[in-house]
Structure formats: C-alpha cells, structure tokens
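K.L.:
Contents of data11.cif (mmCIF, C-alpha atoms):
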```cif
data_target
#
loop_
_atom_site.label_atom_id
_atom_site.label_comp_id
_atom_site.auth_asym_id
_atom_site.auth_seq_id
_atom_site.Cartn_x
_atom_site.Cartn_y
_atom_site.Cartn_z
CA MET A 154 155.55 136.85 99.96
CA PHE A 155 152.96 136.70 97.16
CA THR A 156 150.41 138.40 99.40
CA ARG A 157 152.82 141.26 99.96
CA LEU A 158 153.56 141.56 96.24
CA PHE A 159 149.84 141.68 95.38
CA SER A 160 149.32 144.25 98.11
CA GLN A 161 152.10 146.48 96.74
CA ALA A 162 150.78 146.10 93.19
CA GLY A 163 147.30 147.04 94.36
CA GLU A 164 148.64 150.13 96.10
CA HIS A 165 150.40 151.27 92.91
CA VAL A 166 147.33 150.60 90.76
CA GLY A 167 145.19 152.49 93.25
CA PHE A 168 147.59 155.44 93.11
CA VAL A 169 147.50 155.49 89.30
CA VAL A 170 143.69 155.46 89.37
CA VAL A 171 143.62 158.41 91.78
CA VAL A 172 146.08 160.33 89.59
CA LEU A 173 143.98 159.75 86.47
CA VAL A 174 140.71 160.67 88.19
CA VAL A 175 142.11 163.87 89.72
CA ALA A 176 143.73 164.89 86.40
CA ALA A 177 140.47 164.23 84.54
CA VAL A 178 138.49 166.33 87.02
CA ILE A 179 140.96 169.21 86.76
CA ILE A 180 140.93 169.14 82.95
CA ALA A 181 137.12 168.95 82.93
CA LEU A 182 136.83 171.95 85.26
CA ALA A 183 139.20 173.99 83.11
CA LYS A 184 137.41 173.11 79.88
CA ALA A 185 133.94 173.62 81.36
CA SER A 186 134.85 177.09 82.60
CA GLU A 187 136.02 178.13 79.14
CA LEU A 188 132.88 176.77 77.49
CA THR A 189 130.45 178.43 79.92
CA PHE A 190 130.99 181.65 81.87
CA LEU A 191 134.40 182.46 80.33
CA LYS A 192 133.18 182.02 76.76
CA GLY A 193 134.54 184.85 74.65
CA ASN A 194 136.89 186.12 77.40
CA VAL A 195 139.84 183.85 76.62
CA ASN A 196 142.42 184.96 74.05
CA LYS A 197 142.00 183.12 70.76
CA VAL A 198 145.22 182.12 69.02
CA SER A 199 146.12 179.56 66.39
CA ALA A 200 146.80 176.00 67.45
CA THR A 201 150.47 176.39 66.54
CA LYS A 202 150.91 179.49 68.70
CA PHE A 203 148.92 177.90 71.53
CA ILE A 204 151.24 174.87 71.53
CA THR A 205 154.31 177.12 71.27
CA VAL A 206 153.33 179.23 74.28
CA CYS A 207 152.34 176.20 76.37
CA GLY A 208 155.59 174.45 75.49
CA MET A 209 157.67 177.54 76.22
CA PHE A 210 156.10 178.21 79.60
CA GLY A 211 156.00 174.51 80.45
CA ALA A 212 159.75 174.21 79.77
CA LEU A 213 160.49 177.25 81.93
CA ALA A 214 158.28 175.91 84.71
CA GLY A 215 159.99 172.51 84.51
CA ILE A 216 163.40 174.12 84.96
CA LEU A 217 162.17 176.23 87.88
CA MET A 218 160.74 173.11 89.50
CA LEU A 219 164.29 171.75 89.77
CA LEU A 220 165.36 174.78 91.83
CA GLU A 221 163.88 173.81 95.19
CA ILE A 222 164.30 175.92 98.32
CA PRO A 223 164.07 174.26 101.76
CA VAL A 224 162.00 175.93 104.46
CA PHE A 225 162.80 175.93 108.16
CA PHE A 226 159.31 174.96 109.34
CA ALA A 227 158.87 171.74 107.33
CA PRO A 228 160.75 168.42 106.95
CA SER A 229 163.40 168.17 104.24
CA PHE A 230 161.11 166.45 101.71
CA TYR A 231 158.95 169.60 101.59
CA LYS A 232 160.49 172.42 99.59
CA ILE A 233 159.22 175.51 97.84
CA ASP A 234 159.79 176.34 94.16
CA LEU A 235 158.62 179.02 91.75
CA SER A 236 157.43 176.69 88.99
CA GLU A 237 153.84 177.92 89.28
CA LEU A 238 154.88 181.40 88.11
CA PRO A 239 155.14 180.52 84.38
CA VAL A 240 152.00 178.39 84.73
CA MET A 241 150.12 181.34 86.22
CA ILE A 242 151.32 183.81 83.60
CA GLY A 243 150.62 181.43 80.72
CA GLY A 244 147.17 180.66 82.13
CA MET A 245 146.31 184.33 82.57
CA TYR A 246 147.22 184.91 78.95
CA LEU A 247 145.65 181.82 77.32
CA GLY A 248 143.08 180.62 79.86
CA PRO A 249 142.45 177.70 82.24
CA VAL A 250 143.00 174.88 79.73
CA ALA A 251 146.40 176.28 78.81
CA ALA A 252 147.28 176.52 82.51
CA VAL A 253 146.57 172.81 83.04
CA ILE A 254 148.56 171.87 79.92
CA ILE A 255 151.54 173.98 81.07
CA GLU A 256 151.34 172.38 84.51
CA LEU A 257 151.36 168.92 82.93
CA VAL A 258 154.27 169.75 80.61
CA LYS A 259 156.18 171.03 83.64
CA ILE A 260 155.75 167.76 85.55
CA LEU A 261 156.63 165.58 82.55
CA LEU A 262 159.76 167.60 81.82
CA LYS A 263 160.86 167.44 85.44
CA LEU A 264 160.43 163.66 85.42
CA VAL A 265 162.51 163.41 82.24
CA LEU A 266 165.29 165.63 83.61
CA LYS A 267 165.41 164.41 87.20
CA GLY A 268 163.09 161.46 87.65
CA THR A 269 161.24 161.07 90.93
CA THR A 270 162.53 160.86 94.48
CA THR A 271 159.10 160.50 96.07
CA ALA A 272 157.62 157.45 94.29
CA PHE A 273 155.76 159.96 92.03
CA VAL A 274 153.64 161.14 94.97
CA GLY A 275 155.46 164.46 95.21
CA ASP A 276 155.13 165.03 91.46
CA PHE A 277 151.41 164.30 91.57
CA ALA A 278 151.07 166.58 94.59
CA ASN A 279 152.85 169.37 92.75
CA PHE A 280 150.47 169.01 89.80
CA ALA A 281 147.23 168.77 91.80
CA VAL A 282 148.07 171.39 94.43
CA GLY A 283 149.60 173.66 91.79
CA CYS A 284 146.39 173.53 89.77
CA SER A 285 144.42 174.40 92.91
CA LEU A 286 146.36 177.68 93.00
CA VAL A 287 146.41 178.49 89.30
CA LEU A 288 142.93 177.47 88.13
CA PRO A 289 140.89 179.62 90.57
CA ALA A 290 143.18 182.59 89.93
CA VAL A 291 143.03 182.25 86.14
CA ILE A 292 139.27 181.65 86.07
CA VAL A 293 138.52 184.69 88.28
CA TYR A 294 140.88 186.87 86.24
CA HIS A 295 139.23 185.92 82.95
CA THR A 296 135.76 186.91 84.14
CA ARG A 297 136.91 190.51 83.73
CA LYS A 298 140.54 191.03 82.85
CA ASN A 299 141.87 193.92 84.94
CA ARG A 300 144.34 194.38 87.80
CA THR A 301 141.67 194.26 90.51
CA ARG A 302 140.25 190.99 89.22
CA ALA A 303 143.78 189.62 88.93
CA LEU A 304 144.39 190.46 92.59
CA VAL A 305 141.10 188.88 93.65
CA GLY A 306 141.92 185.79 91.61
CA LEU A 307 145.40 185.45 93.11
CA VAL A 308 144.07 185.81 96.66
CA THR A 309 141.35 183.26 95.89
CA GLY A 310 143.86 180.84 94.39
CA THR A 311 146.20 181.19 97.35
CA LEU A 312 143.41 180.46 99.84
CA VAL A 313 142.10 177.52 97.81
CA MET A 314 145.58 176.02 97.52
CA THR A 315 146.27 176.47 101.22
CA VAL A 316 143.06 174.72 102.24
CA PHE A 317 143.06 172.07 99.52
CA GLY A 318 146.77 171.31 99.83
CA THR A 319 146.49 170.92 103.60
CA LEU A 320 143.46 168.63 103.46
CA PHE A 321 144.70 166.61 100.48
CA ASN A 322 148.05 165.99 102.17
CA ALA A 323 146.37 164.79 105.35
CA TRP A 324 143.74 162.68 103.64
CA TYR A 325 145.70 161.12 100.79
CA LEU A 326 149.18 162.36 99.86
CA LEU A 327 151.05 161.66 103.11
CA PRO A 328 149.51 158.19 103.59
CA ALA A 329 150.23 157.38 99.92
CA PHE A 330 153.83 158.57 100.25
CA SER A 331 154.21 156.46 103.39
CA LYS A 332 152.97 153.31 101.62
CA LEU A 333 154.60 153.73 98.23
CA TYR A 334 157.95 155.01 99.51
CA GLY A 335 158.06 152.55 102.38
CA ILE A 336 158.39 155.01 105.26
CA PRO A 337 156.12 154.41 108.26
CA MET A 338 153.77 157.28 109.01
CA ASP A 339 155.22 157.53 112.53
CA ALA A 340 158.64 158.18 110.99
CA LEU A 341 157.21 160.99 108.86
CA ILE A 342 155.59 162.54 111.91
CA GLU A 343 158.89 162.31 113.78
CA MET A 344 160.58 164.21 110.96
CA GLY A 345 158.01 166.94 111.48
CA THR A 346 158.51 166.89 115.24
CA ALA A 347 162.25 167.37 114.72
CA VAL A 348 161.62 170.79 113.12
CA ASN A 349 158.58 171.76 115.23
CA PRO A 350 157.82 170.19 118.64
CA ARG A 351 154.14 171.08 118.23
CA ILE A 352 153.86 168.42 115.50
CA HIS A 353 152.76 165.13 117.04
CA ASP A 354 150.27 163.64 114.55
CA ILE A 355 149.17 164.04 110.94
CA THR A 356 146.75 166.88 111.78
CA THR A 357 149.40 169.03 113.45
CA PHE A 358 151.84 168.03 110.72
CA VAL A 359 149.73 169.54 107.95
CA ILE A 360 148.67 172.53 110.04
CA PHE A 361 152.19 173.60 110.99
CA SER A 362 154.13 172.44 107.91
CA VAL A 363 151.96 171.95 104.82
CA GLY A 364 149.54 174.83 105.34
CA PRO A 365 152.24 177.50 105.89
CA LEU A 366 154.26 176.13 102.97
CA ASN A 367 151.32 176.45 100.55
CA LEU A 368 150.39 179.87 101.92
CA LEU A 369 153.96 181.13 101.49
CA LYS A 370 154.18 179.78 97.97
CA GLY A 371 150.85 181.31 97.01
CA VAL A 372 151.84 184.73 98.33
CA VAL A 373 155.23 184.68 96.58
CA ILE A 374 153.76 183.54 93.24
CA SER A 375 150.99 186.13 93.51
CA ILE A 376 153.39 189.01 94.13
CA LEU A 377 155.68 187.98 91.28
CA THR A 378 152.71 187.56 88.93
CA LEU A 379 151.45 191.06 89.70
CA LEU A 380 154.91 192.47 89.08
CA LEU A 381 155.66 190.59 85.86
CA TYR A 382 152.43 189.72 84.03
CA LYS A 383 151.81 193.00 82.21
CA ARG A 384 155.36 193.16 80.88
CA ILE A 385 155.33 189.55 79.71
CA SER A 386 151.83 189.84 78.23
CA ARG A 387 153.04 192.71 76.01
CA PHE A 388 155.78 190.45 74.67
CA LEU A 389 153.23 187.67 74.08
CA HIS A 390 150.88 190.06 72.26
CA GLY A 391 153.73 191.03 69.98
CA MET A 392 154.60 187.40 69.33
CA MET A 393 150.99 186.54 68.55
CA GLU A 394 150.74 189.34 65.97
CA ARG A 395 153.70 188.07 63.93
#
```
Go ahead and render the structure in this file as structure tokens.

P.N.:
Amino acid sequence: MFTRLFSQAGEHVGFVVVVLVVAAVIIALAKASELTFLKGNVNKVSATKFITVCGMFGALAGILMLLEIPVFFAPSFYKIDLSELPVMIGGMYLGPVAAVIIELVKILLKLVLKGTTTAFVGDFANFAVGCSLVLPAVIVYHTRKNRTRALVGLVTGTLVMTVFGTLFNAWYLLPAFSKLYGIPMDALIEMGTAVNPRIHDITTFVIFSVGPLNLLKGVVISILTLLLYKRISRFLHGMMER
C-alpha cells in the first residue's frame, strides 16, 4: 500500500516538474525572440494596457476553451476548440510574450470555471501544444508585419503544432494521462480502435487521431485569424491611442 502511494506521489511530482520545465522553456523562447531578432518590431504599449489586452484576450480564450467540439476520427476525450484564436490575435498584436501570457490566463480561467477532467494532463497539453502553434506564427509574423508573412507564420505554426503535438502525445502526454487518470494504455488504444480500426498501438493512435486533430485546428485557426486580425487590430490601435 505505501509503495503504491509513494509511486503515485512520485508520478504527480514528476508531472509537475515536466509542466514547470516546459512552461519555462516556452517563456524563455518567447522572451529571447523579443530581445534578439524581433527587437523593435513588437508594439510598445504601457504596462497597464498590456495587462488589459492580455486579460481581455485570455478571458475570451478561456470561454472559448469551454466550447469543445467532438471529432469523428478521435476518441471522445479529444475535442477541438477555438481558444487559440484570441491567443493568436493577441500575440500578433503584442508579440510572443503576450501570446504565452494569454495562453496561460486561458488555462487558469478554464480551471477556475470548469476544473479538470483529465488529471490536468489535457490542460497542460492544451497549453504546450497551443503554444507550439501560436509562437512560431507570431514570431514569423513579427519579423516583417504584412499579410504574406502572416500567412507564412500561420502555415509554419500549423506544421509545427501538428508534428510537435503528435510526437509529444506519443512520447509523454498519453502515457502520463494513462498513469495519472488510472486508465490502462491498452484501454486508451481500444478507444481509438473503436473509431478507427487502423489504430492498434500508440503510434497509429497519434498518426490517425492526434495528428489530424492538430492539423484541422491549425487550419481553422489560421483561416479565422486571416479573416479577423486586421479588423480587430484596428480596434486595438484605437484603444491604445486613448
């Protein structure tokens, strides 16, 4: 009994360590990009307005995160949401650091409003994989802010998220979910097999479920960003000038 308790405690501590390390790396990448090759390209606003915009977009993203849409090609615990749209727009306006802050506010707000149904693994996945979409797109866009660079950034972000999200799920997220939530990995695979007979192990699971899910989300967020960003940025410019 005590051995099992220590084992479970160790698993939770290990998960927390991974979360902190990944978050630190993401924040460091965002900050380093602003201090080096994006220096001078990121909009400068007062601290008050920066916090206001991050809070506003973070709140909107948190609400959108609650509106999950199931997909036919993945098990029920995988759903798509549009919460990265406010993160992307806020990041394109204020830069990579703002994007990470908005992403973090989104996750914290969701946890306050709904809690977690995935032993926090799904929430961590949403943060890490979401940043893998938003950060590359925002960084590329800020190297030269025009529609072409925005498109290149969005395509880059979508590809990075698809690859990273697929590999990270296979290597860490699915095994962590299995351990922390108490569902055997075989049971998770069977849930995948139920929606797609070609799924028979963790590799085919991520290839046929996780990869397409991330690709679909990236494409949808990219299209909506291209349609909405200019209009919203005009509103933000007006708000910043007040």

K.L.:
Record the distance separating atom CA of Ile179 of chain A and atom CA of Ile376 of chain A, expressed in Å with one decimal.

P.N.:
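So the two atoms, atom CA of Ile179 of chain A and atom CA of Ile376 of chain A, lie 24.5 Å apart.
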
K.L.:
Which distance in Å separates atom CA of Ala323 of chain A and atom CA of Thr357 of chain A, to one decimal?

P.N.:
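Interatomic distance here is 9.6 Å.
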
K.L.:
What's the separation between atom CA of Tyr246 of chain A and atom CA of Val174 of chain A, in Å to one decimal place?

P.N.:
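Between atom CA of Tyr246 of chain A and atom CA of Val174 of chain A the gap works out to 26.7 Å.
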
K.L.:
Measuring between only C-alpha atoms, which one of A:Val178, A:Ala212, A:Leu368, A:Leu326 shows the shortest distance to Leu261 of chain A?

P.N.:
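Going through A:Val178, A:Ala212, A:Leu368, A:Leu326 one by one, the smallest distance to Leu261 of chain A is for A:Ala212.
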
K.L.:
Looking at all atoms listed in the file, which of A:Phe330, A:Tyr294, A:Phe317, A:Phe280 is the one that sits closest to Met218 of chain A?

P.N.:
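Comparing A:Phe330, A:Tyr294, A:Phe317, A:Phe280 against Met218 of chain A, the winner is A:Phe280.
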
K.L.:
Nearest residue to Pro328 of chain A out of A:Val305, A:Ile355, A:Cys207, A:Val250, using only C-alpha atoms?

P.N.:
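Closest residue, counting only C-alpha atoms: A:Ile355.
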
K.L.:
Using only C-alpha atoms, which of the listed residues (A:Leu380, A:Tyr231, A:Leu247, A:Phe358) sits closest to Lys197 of chain A?

P.N.:
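For Lys197 of chain A, the nearest of the given residues is A:Leu247.
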
K.L.:
With distances taken over all atoms listed in the file, which of A:Gly283, A:Pro223, A:Pro249, A:Gly211 is nearest to Ile374 of chain A?

P.N.:
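With all atoms listed in the file as the atom set, the closest residue is A:Gly283.
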
K.L.:
Run through the PyMOL selection byres ((chain A and resi 313) around 10) on the given coordinates and return the selected residues as number ranges by chain.

P.N.:
A: 282, 284-290, 307-312, 314-319, 367-368, 371

K.L.:
Which residue is closest to His295 of chain A? Choose from A:Thr270, A:Asn194, A:Thr346, A:Thr201 and count only C-alpha atoms.

P.N.:
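Smallest separation from His295 of chain A among the options: A:Asn194.
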
K.L.:
Taking (157.8, 169.4, 111.2) in the file's coordinates, which residues come within 12 Å, counting all atoms listed in the file, written as an MDAnalysis selection string?

P.N.:
chainID A and resid 224:231 340:366

K.L.:
Please save C-alpha atoms of the selected residues as a PDB file, in the frame of the given file.

P.N.:
```pdb
ATOM      1  CA  VAL A 224     162.000 175.930 104.460  1.00  0.00           C
ATOM      2  CA  PHE A 225     162.800 175.930 108.160  1.00  0.00           C
ATOM      3  CA  PHE A 226     159.310 174.960 109.340  1.00  0.00           C
ATOM      4  CA  ALA A 227     158.870 171.740 107.330  1.00  0.00           C
ATOM      5  CA  PRO A 228     160.750 168.420 106.950  1.00  0.00           C
ATOM      6  CA  SER A 229     163.400 168.170 104.240  1.00  0.00           C
ATOM      7  CA  PHE A 230     161.110 166.450 101.710  1.00  0.00           C
ATOM      8  CA  TYR A 231     158.950 169.600 101.590  1.00  0.00           C
ATOM      9  CA  ALA A 340     158.640 158.180 110.990  1.00  0.00           C
ATOM     10  CA  LEU A 341     157.210 160.990 108.860  1.00  0.00           C
ATOM     11  CA  ILE A 342     155.590 162.540 111.910  1.00  0.00           C
ATOM     12  CA  GLU A 343     158.890 162.310 113.780  1.00  0.00           C
ATOM     13  CA  MET A 344     160.580 164.210 110.960  1.00  0.00           C
ATOM     14  CA  GLY A 345     158.010 166.940 111.480  1.00  0.00           C
ATOM     15  CA  THR A 346     158.510 166.890 115.240  1.00  0.00           C
ATOM     16  CA  ALA A 347     162.250 167.370 114.720  1.00  0.00           C
ATOM     17  CA  VAL A 348     161.620 170.790 113.120  1.00  0.00           C
ATOM     18  CA  ASN A 349     158.580 171.760 115.230  1.00  0.00           C
ATOM     19  CA  PRO A 350     157.820 170.190 118.640  1.00  0.00           C
ATOM     20  CA  ARG A 351     154.140 171.080 118.230  1.00  0.00           C
ATOM     21  CA  ILE A 352     153.860 168.420 115.500  1.00  0.00           C
ATOM     22  CA  HIS A 353     152.760 165.130 117.040  1.00  0.00           C
ATOM     23  CA  ASP A 354     150.270 163.640 114.550  1.00  0.00           C
ATOM     24  CA  ILE A 355     149.170 164.040 110.940  1.00  0.00           C
ATOM     25  CA  THR A 356     146.750 166.880 111.780  1.00  0.00           C
ATOM     26  CA  THR A 357     149.400 169.030 113.450  1.00  0.00           C
ATOM     27  CA  PHE A 358     151.840 168.030 110.720  1.00  0.00           C
ATOM     28  CA  VAL A 359     149.730 169.540 107.950  1.00  0.00           C
ATOM     29  CA  ILE A 360     148.670 172.530 110.040  1.00  0.00           C
ATOM     30  CA  PHE A 361     152.190 173.600 110.990  1.00  0.00           C
ATOM     31  CA  SER A 362     154.130 172.440 107.910  1.00  0.00           C
ATOM     32  CA  VAL A 363     151.960 171.950 104.820  1.00  0.00           C
ATOM     33  CA  GLY A 364     149.540 174.830 105.340  1.00  0.00           C
ATOM     34  CA  PRO A 365     152.240 177.500 105.890  1.00  0.00           C
ATOM     35  CA  LEU A 366     154.260 176.130 102.970  1.00  0.00           C
TER      36      LEU A 366
END
```

K.L.:
For this structure, which residues satisfy the selection - the PyMOL selection byres ((chain A and resi 255) around 10) - when it is evaluated on the file as given? I want them as a ChimeraX atom specification.

P.N.:
/A:204,206-215,237,239-241,243-244,249-254,256-261

K.L.:
Under the PyMOL selection byres ((chain A and resi 234) around 8), which residues of this model are included? Write them out as a list in words.

P.N.:
Leu217, Met218, Leu219, Leu220, Glu221, Ile222, Lys232, Ile233, Leu235, Ser236, Glu237 and Lys370 of chain A

K.L.:
Can you tell me, as AutoDock Vina command-line options, the centre and edge lengths (Å, one decimal) of the axis-aligned box enclosing all of segment 386-393 of chain A's listed atoms after padding each side by 3 Å?

P.N.:
```
--center_x 153.3 --center_y 189.6 --center_z 73.4 --size_x 10.9 --size_y 12.2 --size_z 15.7
```

K.L.:
Is there a way to get, as a PDB file with C-alpha atoms, in the coordinates of the input, all residues within 8 Å of the point (157.9, 185.0, 86.0) in file coordinates, counting all atoms listed in the file?

P.N.:
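Just written: result24.pdb:
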```pdb
ATOM      1  CA  LEU A 238     154.880 181.400  88.110  1.00  0.00           C
ATOM      2  CA  PRO A 239     155.140 180.520  84.380  1.00  0.00           C
ATOM      3  CA  ILE A 242     151.320 183.810  83.600  1.00  0.00           C
ATOM      4  CA  LEU A 377     155.680 187.980  91.280  1.00  0.00           C
ATOM      5  CA  THR A 378     152.710 187.560  88.930  1.00  0.00           C
ATOM      6  CA  LEU A 381     155.660 190.590  85.860  1.00  0.00           C
ATOM      7  CA  TYR A 382     152.430 189.720  84.030  1.00  0.00           C
TER       8      TYR A 382
END
```

K.L.:
Take segment 241-258 of chain A, model N, CA and C atoms, and hand the result over as a PDB file, in the coordinates of the input.

P.N.:
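Output file rebuild-v3.pdb is given in full below:
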```pdb
ATOM      1  N   MET A 241     151.085 180.281  85.944  1.00  0.00           N
ATOM      2  CA  MET A 241     150.120 181.340  86.220  1.00  0.00           C
ATOM      3  C   MET A 241     150.089 182.370  85.087  1.00  0.00           C
ATOM      4  N   ILE A 242     151.255 182.797  84.655  1.00  0.00           N
ATOM      5  CA  ILE A 242     151.320 183.810  83.600  1.00  0.00           C
ATOM      6  C   ILE A 242     150.770 183.268  82.284  1.00  0.00           C
ATOM      7  N   GLY A 243     151.149 182.041  81.936  1.00  0.00           N
ATOM      8  CA  GLY A 243     150.620 181.430  80.720  1.00  0.00           C
ATOM      9  C   GLY A 243     149.117 181.238  80.787  1.00  0.00           C
ATOM     10  N   GLY A 244     148.609 180.845  81.958  1.00  0.00           N
ATOM     11  CA  GLY A 244     147.170 180.660  82.130  1.00  0.00           C
ATOM     12  C   GLY A 244     146.417 181.978  82.060  1.00  0.00           C
ATOM     13  N   MET A 245     146.980 183.033  82.628  1.00  0.00           N
ATOM     14  CA  MET A 245     146.310 184.330  82.570  1.00  0.00           C
ATOM     15  C   MET A 245     146.263 184.863  81.148  1.00  0.00           C
ATOM     16  N   TYR A 246     147.227 184.450  80.335  1.00  0.00           N
ATOM     17  CA  TYR A 246     147.220 184.910  78.950  1.00  0.00           C
ATOM     18  C   TYR A 246     146.323 184.056  78.059  1.00  0.00           C
ATOM     19  N   LEU A 247     146.363 182.724  78.232  1.00  0.00           N
ATOM     20  CA  LEU A 247     145.650 181.820  77.320  1.00  0.00           C
ATOM     21  C   LEU A 247     144.466 181.100  77.946  1.00  0.00           C
ATOM     22  N   GLY A 248     144.260 181.222  79.259  1.00  0.00           N
ATOM     23  CA  GLY A 248     143.080 180.620  79.860  1.00  0.00           C
ATOM     24  C   GLY A 248     143.362 179.371  80.688  1.00  0.00           C
ATOM     25  N   PRO A 249     142.321 178.838  81.332  1.00  0.00           N
ATOM     26  CA  PRO A 249     142.450 177.700  82.240  1.00  0.00           C
ATOM     27  C   PRO A 249     142.986 176.426  81.604  1.00  0.00           C
ATOM     28  N   VAL A 250     142.528 176.106  80.387  1.00  0.00           N
ATOM     29  CA  VAL A 250     143.000 174.880  79.730  1.00  0.00           C
ATOM     30  C   VAL A 250     144.507 174.952  79.491  1.00  0.00           C
ATOM     31  N   ALA A 251     144.969 176.093  79.035  1.00  0.00           N
ATOM     32  CA  ALA A 251     146.400 176.280  78.810  1.00  0.00           C
ATOM     33  C   ALA A 251     147.175 176.118  80.123  1.00  0.00           C
ATOM     34  N   ALA A 252     146.615 176.628  81.213  1.00  0.00           N
ATOM     35  CA  ALA A 252     147.280 176.520  82.510  1.00  0.00           C
ATOM     36  C   ALA A 252     147.487 175.056  82.890  1.00  0.00           C
ATOM     37  N   VAL A 253     146.459 174.238  82.706  1.00  0.00           N
ATOM     38  CA  VAL A 253     146.570 172.810  83.040  1.00  0.00           C
ATOM     39  C   VAL A 253     147.594 172.127  82.145  1.00  0.00           C
ATOM     40  N   ILE A 254     147.598 172.469  80.852  1.00  0.00           N
ATOM     41  CA  ILE A 254     148.560 171.870  79.920  1.00  0.00           C
ATOM     42  C   ILE A 254     149.987 172.253  80.315  1.00  0.00           C
ATOM     43  N   ILE A 255     150.202 173.515  80.646  1.00  0.00           N
ATOM     44  CA  ILE A 255     151.540 173.980  81.070  1.00  0.00           C
ATOM     45  C   ILE A 255     151.971 173.252  82.330  1.00  0.00           C
ATOM     46  N   GLU A 256     151.041 173.093  83.259  1.00  0.00           N
ATOM     47  CA  GLU A 256     151.340 172.380  84.510  1.00  0.00           C
ATOM     48  C   GLU A 256     151.746 170.938  84.212  1.00  0.00           C
ATOM     49  N   LEU A 257     151.050 170.305  83.288  1.00  0.00           N
ATOM     50  CA  LEU A 257     151.360 168.920  82.930  1.00  0.00           C
ATOM     51  C   LEU A 257     152.707 168.813  82.226  1.00  0.00           C
ATOM     52  N   VAL A 258     152.980 169.732  81.299  1.00  0.00           N
ATOM     53  CA  VAL A 258     154.270 169.750  80.610  1.00  0.00           C
ATOM     54  C   VAL A 258     155.402 169.919  81.625  1.00  0.00           C
TER      55      VAL A 258
END
```
